[in-house]
$ cat run_33.cif   # mmCIF, C-alpha atoms
data_query
#
loop_
_atom_site.group_PDB
_atom_site.id
_atom_site.type_symbol
_atom_site.label_atom_id
_atom_site.label_comp_id
_atom_site.auth_asym_id
_atom_site.auth_seq_id
_atom_site.Cartn_x
_atom_site.Cartn_y
_atom_site.Cartn_z
ATOM 1 C CA MET A 26 -8.615 -94.753 13.816
ATOM 2 C CA ARG A 27 -5.922 -92.394 12.590
ATOM 3 C CA HIS A 28 -2.868 -93.875 14.276
ATOM 4 C CA GLY A 29 0.326 -92.616 12.691
ATOM 5 C CA LYS A 30 -1.453 -90.495 10.094
ATOM 6 C CA LYS A 31 0.798 -87.462 9.939
ATOM 7 C CA ASN A 32 -0.804 -85.081 7.443
ATOM 8 C CA ASN A 33 -4.294 -83.653 7.154
ATOM 9 C CA HIS A 34 -5.865 -84.590 3.825
ATOM 10 C CA LEU A 35 -8.138 -81.509 3.903
ATOM 11 C CA GLY A 36 -10.881 -83.381 2.047
ATOM 12 C CA ARG A 37 -8.899 -83.421 -1.212
ATOM 13 C CA LYS A 38 -7.067 -85.889 -3.407
ATOM 14 C CA THR A 39 -3.270 -85.867 -3.309
ATOM 15 C CA ALA A 40 -2.644 -83.818 -6.452
ATOM 16 C CA HIS A 41 -5.257 -81.210 -5.512
ATOM 17 C CA ARG A 42 -3.867 -80.908 -1.985
ATOM 18 C CA LYS A 43 -0.268 -80.502 -3.181
ATOM 19 C CA ALA A 44 -1.279 -77.901 -5.764
ATOM 20 C CA MET A 45 -3.345 -75.984 -3.214
ATOM 21 C CA LEU A 46 -0.530 -75.949 -0.650
ATOM 22 C CA ALA A 47 1.964 -74.860 -3.311
ATOM 23 C CA ASN A 48 -0.297 -71.972 -4.332
ATOM 24 C CA MET A 49 -0.918 -70.957 -0.723
ATOM 25 C CA ALA A 50 2.825 -71.069 0.021
ATOM 26 C CA CYS A 51 3.532 -68.846 -2.999
ATOM 27 C CA SER A 52 0.877 -66.395 -1.808
ATOM 28 C CA LEU A 53 2.367 -66.424 1.691
ATOM 29 C CA ILE A 54 5.841 -65.707 0.337
ATOM 30 C CA GLU A 55 4.540 -62.946 -1.916
ATOM 31 C CA HIS A 56 2.168 -61.195 0.520
ATOM 32 C CA LYS A 57 3.876 -62.209 3.815
ATOM 33 C CA ARG A 58 0.478 -63.020 5.382
ATOM 34 C CA ILE A 59 -2.742 -64.658 4.232
ATOM 35 C CA ASN A 60 -6.153 -65.435 5.712
ATOM 36 C CA THR A 61 -7.313 -69.038 5.541
ATOM 37 C CA THR A 62 -8.928 -71.709 7.690
ATOM 38 C CA VAL A 63 -7.109 -73.030 10.739
ATOM 39 C CA ALA A 64 -6.721 -76.533 9.245
ATOM 40 C CA LYS A 65 -5.216 -75.181 6.024
ATOM 41 C CA ALA A 66 -2.947 -72.828 7.993
ATOM 42 C CA LYS A 67 -1.579 -75.724 10.046
ATOM 43 C CA ALA A 68 -1.019 -77.801 6.907
ATOM 44 C CA LEU A 69 0.638 -74.821 5.208
ATOM 45 C CA LYS A 70 2.954 -74.315 8.188
ATOM 46 C CA GLN A 71 4.214 -77.894 7.848
ATOM 47 C CA PHE A 72 4.599 -77.376 4.096
ATOM 48 C CA VAL A 73 6.426 -74.039 4.039
ATOM 49 C CA GLU A 74 8.766 -74.166 7.043
ATOM 50 C CA PRO A 75 11.142 -76.804 5.564
ATOM 51 C CA LEU A 76 11.273 -74.748 2.361
ATOM 52 C CA VAL A 77 12.311 -71.630 4.289
ATOM 53 C CA THR A 78 14.989 -73.678 6.052
ATOM 54 C CA LYS A 79 16.303 -74.859 2.674
ATOM 55 C CA SER A 80 16.359 -71.280 1.387
ATOM 56 C CA LYS A 81 18.853 -70.244 4.075
ATOM 57 C CA GLU A 82 21.586 -72.008 2.089
ATOM 58 C CA ASP A 83 21.488 -70.736 -1.500
ATOM 59 C CA THR A 84 22.653 -73.647 -3.629
ATOM 60 C CA THR A 85 21.407 -74.856 -6.993
ATOM 61 C CA HIS A 86 20.293 -78.116 -5.418
ATOM 62 C CA ASN A 87 18.216 -76.352 -2.750
ATOM 63 C CA ARG A 88 16.664 -74.051 -5.358
ATOM 64 C CA ARG A 89 15.622 -77.074 -7.428
ATOM 65 C CA ILE A 90 14.127 -78.850 -4.420
ATOM 66 C CA VAL A 91 12.145 -75.746 -3.421
ATOM 67 C CA PHE A 92 11.025 -75.140 -7.026
ATOM 68 C CA SER A 93 9.742 -78.711 -7.274
ATOM 69 C CA ARG A 94 7.460 -77.994 -4.305
ATOM 70 C CA LEU A 95 6.452 -74.370 -5.051
ATOM 71 C CA ARG A 96 6.221 -74.524 -8.871
ATOM 72 C CA GLN A 97 6.563 -70.730 -9.313
ATOM 73 C CA LYS A 98 9.876 -69.183 -10.279
ATOM 74 C CA ASP A 99 9.029 -65.736 -8.848
ATOM 75 C CA ALA A 100 8.170 -67.182 -5.443
ATOM 76 C CA VAL A 101 11.412 -69.179 -5.345
ATOM 77 C CA THR A 102 13.408 -66.083 -6.268
ATOM 78 C CA GLU A 103 11.761 -63.972 -3.578
ATOM 79 C CA LEU A 104 12.152 -66.741 -1.009
ATOM 80 C CA PHE A 105 15.882 -67.082 -1.607
ATOM 81 C CA ARG A 106 16.594 -63.379 -2.092
ATOM 82 C CA ASP A 107 14.432 -61.582 0.501
ATOM 83 C CA VAL A 108 12.934 -64.013 2.999
ATOM 84 C CA ALA A 109 16.096 -66.088 3.561
ATOM 85 C CA VAL A 110 18.119 -62.960 4.365
ATOM 86 C CA LYS A 111 15.599 -61.838 6.951
ATOM 87 C CA VAL A 112 15.309 -65.232 8.699
ATOM 88 C CA GLY A 113 18.994 -66.170 8.419
ATOM 89 C CA ASP A 114 19.692 -66.182 12.163
ATOM 90 C CA ARG A 115 16.370 -67.733 13.259
ATOM 91 C CA PRO A 116 16.642 -71.464 14.093
ATOM 92 C CA GLY A 117 13.051 -72.269 13.079
ATOM 93 C CA GLY A 118 9.496 -71.121 13.656
ATOM 94 C CA TYR A 119 9.270 -68.897 10.600
ATOM 95 C CA THR A 120 5.471 -68.642 10.565
ATOM 96 C CA ARG A 121 2.857 -67.592 13.093
ATOM 97 C CA ILE A 122 -0.814 -68.629 13.138
ATOM 98 C CA ILE A 123 -3.271 -66.196 14.716
ATOM 99 C CA LYS A 124 -6.842 -67.413 15.113
ATOM 100 C CA LEU A 125 -9.428 -64.890 13.952
ATOM 101 C CA GLY A 126 -12.770 -66.432 14.867
ATOM 102 C CA ASN A 127 -15.412 -67.978 12.660
ATOM 103 C CA ARG A 128 -16.277 -67.207 9.041
ATOM 104 C CA LEU A 129 -19.659 -65.624 8.538
ATOM 105 C CA GLY A 130 -20.943 -67.925 5.789
ATOM 106 C CA ASP A 131 -20.172 -71.422 7.037
ATOM 107 C CA ASN A 132 -18.825 -70.819 10.564
ATOM 108 C CA ALA A 133 -15.378 -72.229 9.686
ATOM 109 C CA ASP A 134 -12.506 -71.432 12.066
ATOM 110 C CA MET A 135 -10.413 -68.753 10.363
ATOM 111 C CA ALA A 136 -6.768 -67.909 10.942
ATOM 112 C CA LEU A 137 -4.105 -65.489 9.769
ATOM 113 C CA ILE A 138 -0.792 -67.132 8.899
ATOM 114 C CA GLU A 139 2.169 -64.820 8.498
ATOM 115 C CA LEU A 140 5.932 -64.826 8.250
ATOM 116 C CA VAL A 141 7.180 -63.891 11.712
ATOM 117 C CA ASP A 142 9.992 -61.515 10.743
ATOM 118 C CA TYR A 143 7.755 -59.377 8.531
ATOM 119 C CA ASN A 144 5.282 -58.334 11.236
ATOM 120 C CA GLU A 145 6.521 -54.945 12.415
ATOM 121 C CA THR A 146 4.041 -54.573 15.291
ATOM 122 C CA TYR A 147 5.392 -57.650 17.112
ATOM 123 C CA ASN A 148 9.051 -57.028 16.275
ATOM 124 C CA VAL A 149 9.150 -53.402 17.528
ATOM 125 C CA GLY A 150 9.217 -54.446 21.190
ATOM 126 C CA LYS A 151 12.180 -56.747 20.662
ATOM 127 C CA ALA A 152 14.213 -54.238 18.640
ATOM 128 C CA THR A 153 13.914 -51.323 21.067
ATOM 129 C CA LYS A 154 14.275 -52.562 24.612
ATOM 130 C CA LYS A 155 12.351 -50.435 27.090
ATOM 131 C CA LYS A 156 14.605 -48.869 29.686
ATOM 132 C CA SER A 157 13.532 -49.794 33.166
ATOM 133 C CA THR A 158 13.712 -47.067 35.771
ATOM 134 C CA ARG A 159 14.529 -47.988 39.335
ATOM 135 C CA ARG A 160 13.099 -45.829 42.040
ATOM 136 C CA SER A 161 13.185 -46.483 45.712
ATOM 137 C CA ARG A 162 9.856 -46.536 47.480
ATOM 138 C CA GLY A 163 11.325 -45.011 50.613
ATOM 139 C CA GLY A 164 12.369 -41.802 48.878
ATOM 140 C CA ALA A 165 8.980 -41.195 47.280
ATOM 141 C CA ALA A 166 7.025 -42.063 50.424
ATOM 142 C CA ALA A 167 9.300 -40.022 52.684
ATOM 143 C CA SER A 168 9.055 -36.900 50.545
ATOM 144 C CA SER A 169 5.247 -37.021 50.364
ATOM 145 C CA ALA A 170 4.705 -37.898 54.048
ATOM 146 C CA PRO A 171 5.571 -34.428 55.479
ATOM 147 C CA ALA A 172 3.310 -32.766 52.928
ATOM 148 C CA LEU A 173 0.413 -35.039 53.900
ATOM 149 C CA ALA A 174 1.041 -34.413 57.600
ATOM 150 C CA ALA A 175 1.075 -30.631 57.056
ATOM 151 C CA ALA A 176 -2.204 -30.835 55.130
ATOM 152 C CA ALA A 177 -3.785 -32.877 57.911
ATOM 153 C CA VAL A 178 -2.686 -30.306 60.530
ATOM 154 C CA LYS A 179 -4.204 -27.448 58.499
ATOM 155 C CA GLU A 180 -7.534 -29.286 58.247
ATOM 156 C CA GLU A 181 -7.711 -29.715 62.034
ATOM 157 C CA GLU A 182 -7.204 -26.000 62.650
#
$ encode --input "run_33.cif" --output "structure tokens"
Amino acid sequence: MRHGKKNNHLGRKTAHRKAMLANMACSLIEHKRINTTVAKAKALKQFVEPLVTKSKEDTTHNRRIVFSRLRQKDAVTELFRDVAVKVGDRPGGYTRIIKLGNRLGDNADMALIELVDYNETYNVGKATKKKSTRRSRGGAAASSAPALAAAAVKEEE
């Protein structure tokens, strides 16, 4: 039974799992999206979202906490400088997992995990609101009705 077991061990020892998640988080911060398995993507989401929340407040203490988890100075710098500015007004949910299907070799469930604010295709719709046009049905139907009636009369003759 796995009652109360919060994290997925991913078939690895503790040190290997922490190192792997740190490396994947650094890759996610650097490239803004990575392909991985669904299980690793879900574990990475739990790992990286608190770090992004910490990066919203740029203090020495928060930088040290994030560095202790990420272990790469360049990733910490980019997280605090670029990513934190872009997600500053978002209250959470910094990553998105998109399932891709199964891997060809071993049939593992694959997923794309990405930082939400860096995907331009999804954010375009929210930035430019589509203007809705209101047209009355009566006006369009009334204007076309006499033309249809005239055409029907001509066919009868």
$ atom_distance --input "run_33.cif" --atom1 "atom CA of Gly118 of chain A" --atom2 "atom CA of Thr85 of chain A"
24.1 Å
$ residues_around --input "run_33.cif" --residues "Leu35 of chain A" --least-positions-apart "4" --cutoff "12 Å" --atoms "all atoms listed in the file" --output "count of residues only"
15
$ residues_around --input "run_33.cif" --residues "His56 of chain A" --least-positions-apart "5" --cutoff "10 Å" --atoms "all atoms listed in the file" --output "count of residues only"
5
$ resolve_selection --input "run_33.cif" --expression "the PyMOL selection byres ((chain A and resi 115) around 12)" --output "list in words"
Glu74, Val77, Thr78, Lys81, Val108, Ala109, Val110, Lys111, Val112, Gly113, Asp114, Pro116, Gly117, Gly118, Tyr119, Thr120, Leu140, Val141 and Asp142 of chain A
$ axis_aligned_box --input "run_33.cif" --around "segment 26-38 of chain A" --padding-each-side "6 Å" --output "AutoDock Vina command-line options"
--center_x -5.0 --center_y -88.1 --center_z 5.4 --size_x 23.7 --size_y 25.2 --size_z 29.7
$ resolve_selection --input "run_33.cif" --expression "the PyMOL selection byres ((chain A and resi 126) around 12)" --output "short mmCIF file (atom, residue, chain, number, x, y, z; two decimals) with C-alpha atoms, in the coordinates of the input"
data_model
loop_
_atom_site.label_atom_id
_atom_site.label_comp_id
_atom_site.auth_asym_id
_atom_site.auth_seq_id
_atom_site.Cartn_x
_atom_site.Cartn_y
_atom_site.Cartn_z
CA ASN A 60 -6.15 -65.44 5.71
CA THR A 61 -7.31 -69.04 5.54
CA THR A 62 -8.93 -71.71 7.69
CA VAL A 63 -7.11 -73.03 10.74
CA ILE A 123 -3.27 -66.20 14.72
CA LYS A 124 -6.84 -67.41 15.11
CA LEU A 125 -9.43 -64.89 13.95
CA ASN A 127 -15.41 -67.98 12.66
CA ARG A 128 -16.28 -67.21 9.04
CA LEU A 129 -19.66 -65.62 8.54
CA ASP A 131 -20.17 -71.42 7.04
CA ASN A 132 -18.82 -70.82 10.56
CA ALA A 133 -15.38 -72.23 9.69
CA ASP A 134 -12.51 -71.43 12.07
CA MET A 135 -10.41 -68.75 10.36
CA ALA A 136 -6.77 -67.91 10.94
CA LEU A 137 -4.11 -65.49 9.77
#
$ resolve_selection --input "run_33.cif" --expression "the PyMOL selection byres ((chain A and resi 89-101) around 7)" --output "list in words"
Ala47, Cys51, Ile54, Glu55, Leu76, Thr85, His86, Asn87, Arg88, Thr102, Glu103, Leu104 and Phe105 of chain A
$ atom_distance --input "run_33.cif" --atom1 "atom CA of Asn48 of chain A" --atom2 "atom CA of Lys70 of chain A"
13.1 Å
